[in-house]
$ cat start23.txt   # compact mmCIF, C-alpha atoms and all ligand atoms
# COMPACT_ATOMS: atom_id res chain seq x y z
CA MET J 1 170.43 13.33 129.99
CA HIS J 2 169.83 12.85 133.68
CA LYS J 3 171.55 16.12 134.35
CA GLN J 4 169.52 17.87 131.67
CA VAL J 5 166.24 16.59 133.12
CA GLU J 6 167.33 17.71 136.56
CA THR J 7 168.18 21.23 135.31
CA ILE J 8 164.84 21.49 133.53
CA GLN J 9 163.07 20.38 136.67
CA ASN J 10 164.92 22.87 138.85
CA ASP J 11 164.49 25.78 136.45
CA PHE J 12 160.83 24.93 136.07
CA ALA J 13 160.31 24.70 139.84
CA SER J 14 161.71 28.17 140.40
CA SER J 15 159.98 29.84 137.44
CA ILE J 16 156.58 28.34 138.19
CA GLN J 17 156.90 29.47 141.79
CA LYS J 18 157.64 33.05 140.70
CA CYS J 19 154.88 33.01 138.11
CA LEU J 20 152.02 35.37 139.06
CA ASP J 21 150.00 35.83 135.87
CA LEU J 22 148.44 33.83 133.06
CA GLU J 23 150.74 35.26 130.41
CA THR J 24 153.88 34.07 132.20
CA ALA J 25 152.30 30.67 132.86
CA ASP J 26 151.56 30.34 129.17
CA LYS J 27 155.07 31.37 128.24
CA ILE J 28 156.54 28.70 130.57
CA ARG J 29 154.28 26.11 128.96
CA VAL J 30 155.24 27.10 125.42
CA ASP J 31 158.98 27.18 126.32
CA LEU J 32 158.87 23.65 127.69
CA LEU J 33 155.96 21.84 126.08
CA GLY J 34 155.28 23.91 122.94
CA LYS J 35 156.08 22.65 119.44
CA LYS J 36 159.67 23.72 119.86
CA GLY J 37 159.74 23.52 123.64
CA THR J 38 162.74 22.05 125.48
CA VAL J 39 160.90 18.96 126.71
CA THR J 40 159.24 18.45 123.31
CA GLU J 41 162.65 18.56 121.64
CA LEU J 42 164.03 15.99 124.09
CA LEU J 43 161.05 13.73 123.38
CA LYS J 44 161.63 14.14 119.63
CA GLY J 45 165.29 13.14 120.14
CA MET J 46 164.16 9.82 121.65
CA LYS J 47 164.03 8.19 118.23
CA ASP J 48 167.83 8.43 117.91
CA LEU J 49 168.49 6.62 121.21
CA SER J 50 169.30 2.97 121.64
CA ILE J 51 166.62 0.60 122.82
CA GLU J 52 168.13 0.46 126.33
CA ASP J 53 168.25 4.25 126.61
CA LYS J 54 164.69 4.51 125.29
CA LYS J 55 163.58 2.20 128.10
CA ILE J 56 165.22 4.45 130.67
CA TYR J 57 164.55 7.91 129.26
CA GLY J 58 161.17 7.26 127.71
CA PRO J 59 159.33 6.93 131.04
CA LEU J 60 161.52 9.64 132.61
CA LEU J 61 160.69 12.24 129.93
CA ASN J 62 157.01 11.28 129.84
CA GLN J 63 156.82 11.73 133.59
CA LEU J 64 158.64 15.08 133.30
CA ARG J 65 156.17 16.29 130.64
CA ASP J 66 153.12 15.14 132.62
CA SER J 67 154.36 16.63 135.85
CA ILE J 68 155.16 19.98 134.20
CA ASN J 69 151.79 19.94 132.47
CA SER J 70 149.81 19.29 135.64
CA GLN J 71 151.74 21.87 137.65
CA ILE J 72 151.10 24.51 134.98
CA GLU J 73 147.39 23.58 134.95
CA ALA J 74 147.27 23.91 138.72
CA LYS J 75 149.02 27.28 138.53
CA ILE J 76 146.59 28.56 135.90
CA SER J 77 143.57 27.53 137.94
CA GLN J 78 145.10 29.12 141.04
CA ILE J 79 145.68 32.41 139.16
CA ASN J 80 142.13 32.32 137.76
CA LYS J 81 140.76 31.84 141.25
CA GLU J 82 142.76 34.83 142.50
CA ILE J 83 141.49 37.01 139.61
CA MET J 84 137.91 35.98 140.38
CA ASN J 85 138.32 36.68 144.10
CA LYS J 86 139.79 40.10 143.39
CA GLN J 87 136.87 40.90 141.07
CA LEU J 88 134.26 39.70 143.55
CA LEU J 89 135.87 41.77 146.26
CA SER J 90 135.80 44.91 144.12
CA GLU J 91 132.15 44.26 143.17
CA LYS J 92 131.02 43.68 146.72
CA SER J 93 127.78 45.51 147.58
CA ASP J 94 127.86 47.91 150.46
CA PHE J 95 124.58 47.31 152.21
CA SER J 96 125.17 50.19 154.58
CA LEU J 97 124.78 52.76 151.76
CA PRO J 98 121.48 54.69 151.81
CA SER J 99 119.03 53.46 149.14
CA GLN J 100 117.96 55.50 146.14
CA LYS J 101 114.59 57.21 146.59
CA THR J 102 111.83 55.85 144.35
CA LYS J 103 109.14 58.30 143.27
CA THR J 104 105.64 57.02 143.79
CA GLY J 105 102.61 58.54 142.10
CA THR J 106 99.63 59.93 143.94
CA LEU J 107 95.91 59.61 143.34
CA HIS J 108 94.44 62.27 141.07
CA PRO J 109 92.69 65.01 143.12
CA ILE J 110 89.37 64.08 141.48
CA THR J 111 89.78 60.47 142.61
CA GLN J 112 90.81 61.65 146.07
CA VAL J 113 87.68 63.79 146.39
CA ILE J 114 85.46 60.91 145.21
CA TYR J 115 87.06 58.52 147.73
CA GLU J 116 86.74 61.06 150.52
CA ALA J 117 83.09 61.81 149.71
CA GLU J 118 82.34 58.07 149.54
CA SER J 119 83.88 57.47 152.93
CA ILE J 120 81.92 60.36 154.50
CA PHE J 121 78.62 59.07 153.10
CA LYS J 122 79.49 55.52 154.18
CA GLU J 123 79.55 56.85 157.74
CA LEU J 124 75.85 57.64 157.21
CA GLY J 125 75.06 54.17 155.87
CA PHE J 126 75.23 54.85 152.13
CA VAL J 127 76.65 52.19 149.79
CA VAL J 128 78.40 52.88 146.46
CA ALA J 129 76.77 52.05 143.11
CA GLU J 130 77.80 52.71 139.51
CA GLY J 131 75.96 52.86 136.20
CA PRO J 132 76.62 53.16 132.45
CA GLU J 133 78.12 56.25 130.78
CA VAL J 134 76.52 55.42 127.43
CA GLU J 135 72.87 55.63 128.22
CA THR J 136 69.45 55.57 126.61
CA ASP J 137 67.09 58.53 126.60
CA PHE J 138 64.86 56.59 128.97
CA TYR J 139 67.35 56.38 131.87
CA ASN J 140 68.93 59.80 131.38
CA PHE J 141 65.70 61.74 130.82
CA GLU J 142 62.36 60.05 130.48
CA ALA J 143 62.29 57.96 133.66
CA LEU J 144 63.54 61.04 135.50
CA ASN J 145 60.40 62.90 134.50
CA PHE J 146 61.90 64.95 131.67
CA PRO J 147 58.97 64.95 129.23
CA HIS J 148 59.71 64.76 125.48
CA ASP J 149 60.16 68.18 123.92
CA HIS J 150 60.22 69.77 127.34
CA PRO J 151 62.53 72.80 127.65
CA SER J 152 64.15 71.24 130.76
CA ARG J 153 66.12 69.02 128.38
CA ASP J 154 67.84 72.11 127.03
CA MET J 155 69.50 72.64 130.42
CA HIS J 156 71.74 69.71 129.48
CA ASP J 157 73.87 70.20 126.37
CA THR J 158 73.57 66.58 125.44
CA PHE J 159 75.95 64.58 123.23
CA TYR J 160 73.65 62.33 121.21
CA LEU J 161 75.23 59.17 119.81
CA ASP J 162 72.42 57.94 117.58
CA THR J 163 68.91 59.26 117.41
CA LYS J 164 67.37 56.03 116.16
CA GLU J 165 68.33 53.93 119.18
CA ASN J 166 68.15 56.97 121.46
CA HIS J 167 71.70 56.49 122.73
CA LEU J 168 73.50 59.40 124.36
CA LEU J 169 76.34 60.12 126.77
CA ARG J 170 74.76 60.58 130.17
CA THR J 171 74.52 64.25 131.13
CA HIS J 172 74.31 63.51 134.86
CA THR J 173 74.68 60.61 137.29
CA SER J 174 70.94 60.70 138.02
CA ASN J 175 70.55 57.88 135.47
CA VAL J 176 72.03 55.53 138.09
CA GLN J 177 69.11 56.37 140.44
CA ILE J 178 66.80 54.66 137.95
CA HIS J 179 69.05 51.61 137.48
CA VAL J 180 69.35 51.16 141.25
CA MET J 181 65.65 51.61 142.03
CA LYS J 182 64.67 49.22 139.23
CA LYS J 183 66.89 46.55 140.80
CA MET J 184 66.47 47.19 144.52
CA ALA J 185 63.40 47.52 146.70
CA PRO J 186 63.48 50.24 149.37
CA PRO J 187 65.19 50.98 151.67
CA VAL J 188 67.69 52.29 149.10
CA LYS J 189 70.62 54.37 150.33
CA VAL J 190 73.26 54.79 147.65
CA ILE J 191 76.03 57.10 146.56
CA MET J 192 76.81 57.06 142.82
CA PRO J 193 80.01 58.68 141.55
CA GLY J 194 80.95 58.84 137.88
CA LYS J 195 81.83 60.70 134.68
CA VAL J 196 79.22 62.82 132.95
CA PHE J 197 79.28 64.58 129.57
CA ARG J 198 77.98 67.93 128.31
CA SER J 199 78.83 69.94 125.24
CA ASP J 200 80.20 72.88 127.21
CA SER J 201 83.73 74.22 127.71
CA ASP J 202 85.28 77.23 129.50
CA VAL J 203 87.39 77.88 132.65
CA SER J 204 84.74 76.36 134.89
CA HIS J 205 83.18 73.87 132.46
CA SER J 206 84.63 70.80 130.79
CA PRO J 207 82.83 68.50 128.32
CA VAL J 208 83.70 65.59 130.62
CA PHE J 209 83.38 66.04 134.34
CA HIS J 210 82.41 64.09 137.44
CA GLN J 211 79.39 64.04 139.66
CA ILE J 212 78.45 62.31 142.86
CA GLU J 213 74.80 61.41 143.10
CA GLY J 214 73.04 60.48 146.31
CA LEU J 215 69.70 58.75 146.78
CA TYR J 216 67.82 57.70 149.89
CA VAL J 217 64.36 56.11 149.54
CA ASP J 218 62.51 54.61 152.48
CA LYS J 219 59.39 55.11 154.55
CA ASN J 220 59.20 58.59 156.10
CA VAL J 221 62.27 60.12 154.46
CA SER J 222 61.87 63.85 154.93
CA PHE J 223 63.30 67.11 153.69
CA ALA J 224 64.86 67.55 157.14
CA ASN J 225 66.79 64.30 156.59
CA LEU J 226 68.09 65.73 153.30
CA LYS J 227 69.24 68.93 154.94
CA ALA J 228 70.91 67.10 157.84
CA THR J 229 72.70 64.75 155.44
CA LEU J 230 74.06 67.63 153.34
CA GLN J 231 75.06 69.62 156.42
CA TYR J 232 76.92 66.57 157.75
CA PHE J 233 78.70 66.07 154.44
CA THR J 234 79.79 69.69 153.93
CA GLN J 235 81.06 70.01 157.50
CA ARG J 236 83.06 66.80 157.18
CA PHE J 237 84.33 67.67 153.72
CA PHE J 238 85.11 71.38 154.25
CA LEU J 239 85.36 72.88 157.74
CA LYS J 240 83.61 71.92 160.97
CA ASP J 241 81.62 75.14 161.12
CA THR J 242 80.74 75.50 157.40
CA ASN J 243 77.10 76.53 157.05
CA ILE J 244 74.86 75.65 154.13
CA ARG J 245 71.79 77.40 152.75
CA LEU J 246 69.07 76.03 150.50
CA ARG J 247 67.52 78.07 147.70
CA PRO J 248 64.36 77.01 145.82
CA SER J 249 65.17 75.63 142.38
CA TYR J 250 63.82 73.32 139.72
CA PHE J 251 64.74 69.82 138.56
CA PRO J 252 62.19 67.64 136.75
CA PHE J 253 62.94 64.63 138.97
CA THR J 254 62.71 66.30 142.40
CA GLU J 255 59.86 68.22 144.04
CA PRO J 256 60.50 70.43 145.87
CA SER J 257 63.96 71.14 144.47
CA VAL J 258 66.77 73.20 145.93
CA GLU J 259 70.17 74.47 145.08
CA VAL J 260 72.59 74.24 147.96
CA ASP J 261 75.24 76.85 148.76
CA VAL J 262 78.06 76.50 151.25
CA GLN J 263 79.46 79.43 153.13
CA CYS J 264 82.44 80.63 151.09
CA VAL J 265 85.39 78.46 152.11
CA ILE J 266 87.82 81.16 150.97
CA CYS J 267 86.56 84.16 153.00
CA GLY J 268 84.42 82.35 155.57
CA GLY J 269 81.30 84.19 154.39
CA LYS J 270 82.57 87.76 154.63
CA GLY J 271 82.54 88.24 150.85
CA CYS J 272 85.43 87.95 148.39
CA GLY J 273 86.24 87.65 144.69
CA VAL J 274 85.61 83.89 144.58
CA CYS J 275 82.06 84.15 146.00
CA LYS J 276 81.47 87.43 144.13
CA GLN J 277 81.00 89.22 147.48
CA THR J 278 77.95 87.10 148.34
CA GLY J 279 79.63 84.96 150.99
CA TRP J 280 78.08 81.81 149.44
CA LEU J 281 79.12 79.23 146.83
CA GLU J 282 76.77 76.93 144.98
CA VAL J 283 77.87 73.30 145.30
CA LEU J 284 74.98 71.01 144.54
CA GLY J 285 71.40 70.38 143.45
CA ALA J 286 68.98 68.36 145.51
CA GLY J 287 65.35 67.71 146.35
CA MET J 288 62.68 65.20 147.32
CA VAL J 289 62.32 62.45 144.70
CA ASP J 290 59.33 63.36 142.51
CA PRO J 291 56.43 60.86 142.95
CA ASN J 292 56.41 60.40 139.16
CA VAL J 293 59.98 59.05 139.29
CA LEU J 294 59.03 56.55 142.01
CA LYS J 295 56.05 55.44 139.91
CA ASN J 296 58.33 54.97 136.88
CA VAL J 297 60.32 52.36 138.83
CA ASN J 298 57.29 50.74 140.48
CA ILE J 299 57.78 52.15 143.94
CA ASP J 300 54.55 53.32 145.60
CA PRO J 301 54.91 57.05 146.38
CA GLU J 302 52.09 56.74 148.93
CA GLU J 303 54.24 54.36 150.96
CA TYR J 304 57.74 55.60 150.25
CA SER J 305 59.46 58.92 149.92
CA GLY J 306 63.04 59.85 149.20
CA PHE J 307 65.60 62.52 148.62
CA ALA J 308 68.29 62.86 145.97
CA PHE J 309 71.22 65.15 145.45
CA GLY J 310 73.93 65.62 142.84
CA MET J 311 77.20 67.49 143.10
CA GLY J 312 80.06 68.37 140.81
CA VAL J 313 83.33 66.76 141.91
CA GLU J 314 85.56 69.26 140.06
CA ARG J 315 83.72 72.10 141.79
CA LEU J 316 84.11 70.50 145.23
CA ALA J 317 87.84 70.00 144.60
CA MET J 318 88.24 73.56 143.25
CA LEU J 319 86.75 74.96 146.44
CA LYS J 320 88.62 72.63 148.75
CA TYR J 321 92.03 73.20 147.17
CA GLY J 322 91.59 76.72 145.74
CA ILE J 323 91.99 75.65 142.08
CA ASP J 324 90.87 78.35 139.64
CA ASN J 325 90.84 76.55 136.27
CA ILE J 326 89.04 73.28 135.63
CA LYS J 327 91.43 72.41 132.76
CA LEU J 328 94.26 71.87 135.29
CA TYR J 329 92.62 68.58 136.27
CA TYR J 330 92.96 67.15 132.77
CA ASP J 331 96.33 68.53 131.61
CA ASN J 332 98.11 65.93 133.75
CA HIS J 333 101.13 68.09 134.54
CA ALA J 334 103.17 66.45 137.32
CA TYR J 335 103.86 69.84 138.95
CA PHE J 336 100.11 70.33 139.44
CA LEU J 337 99.24 66.76 140.40
CA GLU J 338 102.10 66.19 142.85
CA GLN J 339 100.69 68.88 145.16
CA PHE J 340 97.90 66.53 146.21
N1 LIG D 1 71.28 65.86 138.10
C1 LIG D 1 71.29 67.23 138.51
C2 LIG D 1 72.29 68.00 137.65
O1 LIG D 1 73.10 67.40 137.01
C3 LIG D 1 71.65 67.39 139.96
C4 LIG D 1 70.63 66.81 140.88
C5 LIG D 1 70.75 65.49 141.30
C6 LIG D 1 69.59 67.57 141.34
C7 LIG D 1 69.81 64.94 142.16
C8 LIG D 1 68.68 67.04 142.21
C9 LIG D 1 68.78 65.76 142.61
O2 LIG D 1 72.26 69.23 137.61

$ encode --input "start23.txt" --output "structure tokens"
Amino acid sequence: MHKQVETIQNDFASSIQKCLDLETADKIRVDLLGKKGTVTELLKGMKDLSIEDKKIYGPLLNQLRDSINSQIEAKISQINKEIMNKQLLSEKSDFSLPSQKTKTGTLHPITQVIYEAESIFKELGFVVAEGPEVETDFYNFEALNFPHDHPSRDMHDTFYLDTKENHLLRTHTSNVQIHVMKKMAPPVKVIMPGKVFRSDSDVSHSPVFHQIEGLYVDKNVSFANLKATLQYFTQRFFLKDTNIRLRPSYFPFTEPSVEVDVQCVICGGKGCGVCKQTGWLEVLGAGMVDPNVLKNVNIDPEEYSGFAFGMGVERLAMLKYGIDNIKLYYDNHAYFLEQF
């Protein structure tokens, strides 16, 4: 028996040393300690031994089984550790590799133009204000000196929401002039960007578009101030030497009223297809705030005067970037938008 135990021990020592994988380790365990394993069989044979032999071989075999068991366990955990290390090594991140490029979006050209215009007017001391898109007849028309049943209302192809409450979608940002002047006492110097709505649609008209409104009311505000402000804006927004010209026009809420042209930014004023050979492009409407409008918001027109202007953002962007179809702004094709 002694000899047998010694052989088992020696064989086990050499096989466990050679063992490199979990399968072999398991096989060694089954061969020795499994149901029909060599050590198990020896332990089973104990019952046939004499009491003296049991006393000797009992502890010897138990020790053999425990020692084999713990060595196999140690081997298995060592192999597992090696497997894990190998895996970690193969999964190691290479921080020297160049990173993948992430694509970031850009601001929509309309938003860019609004931000740029705001920052130019801020240089002149204007602050930004906003007003509602769903409006009442009073703010969109009446307070702005559009009399009821006056043909000037036909200039705006208005979307009416309900006739009883007089709700409509604002046709211009001039409604914000009224909101601001009702809340603030002069001096008022605001720039008011926003969406406006008209029932009109072709290559240069969209039922939803954007305007930027300007309003300056104070003592002694003059027409010369208006012209200087618009000249400053157009030269900052387009080119340093862009000229403007003012043509007499009509708006119910300004008197006198003008339409403002900039020298064609495409041909520089020589005449081309875009400016229809005139050398000029219309970009905005403007004028001195009509005394009736000031009265409507309780500002004394004897004491205060003001100017207002309104421009189409899509039109400004079309001229700045040479865009020939207004629908491009709203189709949201990445190949169009990513150019800005
Ligand atoms: N609200 C006018 C329009 O939409 C533009 C304008 C604004 C004209 C302010 C004069 C003064 O056509």

$ closest_residue --input "start23.txt" --among "J:Leu328, J:Ala308, J:Leu215, J:Val297" --to "ligand LIG 1 (chain D)" --atoms "all atoms listed in the file"
J:Ala308

$ closest_residue --input "start23.txt" --among "J:Cys275, J:Leu230, J:Ile110, J:Met192" --to "Leu337 in chain J" --atoms "all atoms listed in the file"
J:Ile110

$ closest_atom_pairs --input "start23.txt" --of "chain J" --to "ligand LIG 1 (chain D)" --cutoff "9 Å" --atoms "all atoms listed in the file" --output "JSON lines"
{"residue": "J:Met155", "atom": "CA", "partner": "D:LIG1", "partner_atom": "O2", "distance": 8.4}
{"residue": "J:His156", "atom": "CA", "partner": "D:LIG1", "partner_atom": "O1", "distance": 8.0}
{"residue": "J:Thr171", "atom": "CA", "partner": "D:LIG1", "partner_atom": "O1", "distance": 6.8}
{"residue": "J:His172", "atom": "CA", "partner": "D:LIG1", "partner_atom": "O1", "distance": 4.6}
{"residue": "J:Thr173", "atom": "CA", "partner": "D:LIG1", "partner_atom": "N1", "distance": 6.3}
{"residue": "J:Ser174", "atom": "CA", "partner": "D:LIG1", "partner_atom": "N1", "distance": 5.2}
{"residue": "J:Asn175", "atom": "CA", "partner": "D:LIG1", "partner_atom": "N1", "distance": 8.4}
{"residue": "J:Gln177", "atom": "CA", "partner": "D:LIG1", "partner_atom": "C7", "distance": 8.8}
{"residue": "J:Val196", "atom": "CA", "partner": "D:LIG1", "partner_atom": "O1", "distance": 8.7}
{"residue": "J:Gln211", "atom": "CA", "partner": "D:LIG1", "partner_atom": "O1", "distance": 7.6}
{"residue": "J:Ile212", "atom": "CA", "partner": "D:LIG1", "partner_atom": "C5", "distance": 8.5}
{"residue": "J:Glu213", "atom": "CA", "partner": "D:LIG1", "partner_atom": "C5", "distance": 6.0}
{"residue": "J:Gly214", "atom": "CA", "partner": "D:LIG1", "partner_atom": "C7", "distance": 6.9}
{"residue": "J:Leu215", "atom": "CA", "partner": "D:LIG1", "partner_atom": "C7", "distance": 7.7}
{"residue": "J:Tyr250", "atom": "CA", "partner": "D:LIG1", "partner_atom": "C6", "distance": 8.3}
{"residue": "J:Phe251", "atom": "CA", "partner": "D:LIG1", "partner_atom": "C6", "distance": 6.0}
{"residue": "J:Pro252", "atom": "CA", "partner": "D:LIG1", "partner_atom": "C8", "distance": 8.5}
{"residue": "J:Phe253", "atom": "CA", "partner": "D:LIG1", "partner_atom": "C9", "distance": 7.0}
{"residue": "J:Thr254", "atom": "CA", "partner": "D:LIG1", "partner_atom": "C8", "distance": 6.0}
{"residue": "J:Ser257", "atom": "CA", "partner": "D:LIG1", "partner_atom": "C8", "distance": 6.6}
{"residue": "J:Val258", "atom": "CA", "partner": "D:LIG1", "partner_atom": "C8", "distance": 7.4}
{"residue": "J:Glu259", "atom": "CA", "partner": "D:LIG1", "partner_atom": "C6", "distance": 7.9}
{"residue": "J:Leu284", "atom": "CA", "partner": "D:LIG1", "partner_atom": "C3", "distance": 6.7}
{"residue": "J:Gly285", "atom": "CA", "partner": "D:LIG1", "partner_atom": "C6", "distance": 4.0}
{"residue": "J:Ala286", "atom": "CA", "partner": "D:LIG1", "partner_atom": "C8", "distance": 3.6}
{"residue": "J:Gly287", "atom": "CA", "partner": "D:LIG1", "partner_atom": "C8", "distance": 5.4}
{"residue": "J:Met288", "atom": "CA", "partner": "D:LIG1", "partner_atom": "C9", "distance": 7.7}
{"residue": "J:Val289", "atom": "CA", "partner": "D:LIG1", "partner_atom": "C9", "distance": 7.6}
{"residue": "J:Phe307", "atom": "CA", "partner": "D:LIG1", "partner_atom": "C9", "distance": 7.5}
{"residue": "J:Ala308", "atom": "CA", "partner": "D:LIG1", "partner_atom": "C9", "distance": 4.5}
{"residue": "J:Phe309", "atom": "CA", "partner": "D:LIG1", "partner_atom": "C7", "distance": 3.6}
{"residue": "J:Gly310", "atom": "CA", "partner": "D:LIG1", "partner_atom": "C5", "distance": 3.5}
{"residue": "J:Met311", "atom": "CA", "partner": "D:LIG1", "partner_atom": "C3", "distance": 6.4}
{"residue": "J:Gly312", "atom": "CA", "partner": "D:LIG1", "partner_atom": "O1", "distance": 8.0}

$ write_last_selection --input "start23.txt" --atoms "C-alpha atoms" --output "short mmCIF file (atom, residue, chain, number, x, y, z; two decimals), keeping the file's coordinate frame"
data_model
loop_
_atom_site.label_atom_id
_atom_site.label_comp_id
_atom_site.auth_asym_id
_atom_site.auth_seq_id
_atom_site.Cartn_x
_atom_site.Cartn_y
_atom_site.Cartn_z
CA MET J 155 69.50 72.64 130.42
CA HIS J 156 71.74 69.71 129.48
CA THR J 171 74.52 64.25 131.13
CA HIS J 172 74.31 63.51 134.86
CA THR J 173 74.68 60.61 137.29
CA SER J 174 70.94 60.70 138.02
CA ASN J 175 70.55 57.88 135.47
CA GLN J 177 69.11 56.37 140.44
CA VAL J 196 79.22 62.82 132.95
CA GLN J 211 79.39 64.04 139.66
CA ILE J 212 78.45 62.31 142.86
CA GLU J 213 74.80 61.41 143.10
CA GLY J 214 73.04 60.48 146.31
CA LEU J 215 69.70 58.75 146.78
CA TYR J 250 63.82 73.32 139.72
CA PHE J 251 64.74 69.82 138.56
CA PRO J 252 62.19 67.64 136.75
CA PHE J 253 62.94 64.63 138.97
CA THR J 254 62.71 66.30 142.40
CA SER J 257 63.96 71.14 144.47
CA VAL J 258 66.77 73.20 145.93
CA GLU J 259 70.17 74.47 145.08
CA LEU J 284 74.98 71.01 144.54
CA GLY J 285 71.40 70.38 143.45
CA ALA J 286 68.98 68.36 145.51
CA GLY J 287 65.35 67.71 146.35
CA MET J 288 62.68 65.20 147.32
CA VAL J 289 62.32 62.45 144.70
CA PHE J 307 65.60 62.52 148.62
CA ALA J 308 68.29 62.86 145.97
CA PHE J 309 71.22 65.15 145.45
CA GLY J 310 73.93 65.62 142.84
CA MET J 311 77.20 67.49 143.10
CA GLY J 312 80.06 68.37 140.81
#

$ residues_around --input "start23.txt" --residues "Ile323 in chain J" --least-positions-apart "5" --cutoff "12 Å" --atoms "all atoms listed in the file" --output "list in words"
Pro109, Ile110, Val203, Ser204, Ile266, Val274, Glu314, Arg315, Leu316, Ala317, Met318, Leu328, Tyr329, Phe336, Leu337, Gln339 and Phe340 of chain J

$ atom_distance --input "start23.txt" --atom1 "CA of Asn166 in chain J" --atom2 "CA of Pro207 in chain J"
19.9 Å

$ atom_distance --input "start23.txt" --atom1 "CA of Lys320 in chain J" --atom2 "CA of Lys227 in chain J"
20.7 Å

$ residues_around --input "start23.txt" --residues "Val262 in chain J" --least-positions-apart "5" --cutoff "6 Å" --atoms "all atoms listed in the file" --output "MDAnalysis selection string"
chainID J and resid 243:244 280:281

$ closest_residue --input "start23.txt" --among "J:Lys18, J:Lys122, J:Lys189, J:Lys92" --to "Phe233 in chain J" --atoms "all atoms listed in the file"
J:Lys122

$ atom_distance --input "start23.txt" --atom1 "CA of Leu49 in chain J" --atom2 "CA of Lys27 in chain J"
29.0 Å

$ closest_residue --input "start23.txt" --among "J:Val260, J:Val39, J:Ala143, J:Arg29" --to "Ile8 in chain J" --atoms "all atoms listed in the file"
J:Val39

$ closest_residue --input "start23.txt" --among "J:Arg170, J:Lys44, J:Arg198, J:Lys103" --to "Leu61 in chain J" --atoms "only C-alpha atoms"
J:Lys44

$ residues_around --input "start23.txt" --residues "range 179-188 of chain J" --least-positions-apart "5" --cutoff "12 Å" --atoms "only C-alpha atoms" --output "VMD selection string"
chain J and resid 125 to 132 135 to 136 138 to 140 143 to 144 173 to 174 213 to 221 289 293 to 301 303 to 308

$ residues_around --input "start23.txt" --residues "Ile28 in chain J" --least-positions-apart "4" --cutoff "10 Å" --atoms "only C-alpha atoms" --output "JSON, numbers by chain"
{"J": [12, 15, 16, 19, 22, 23, 24, 32, 33, 34, 37, 68, 72]}

$ closest_residue --input "start23.txt" --among "J:Gln71, J:Ser199, J:Thr7, J:Thr106" --to "Asn332 in chain J" --atoms "all atoms listed in the file"
J:Thr106
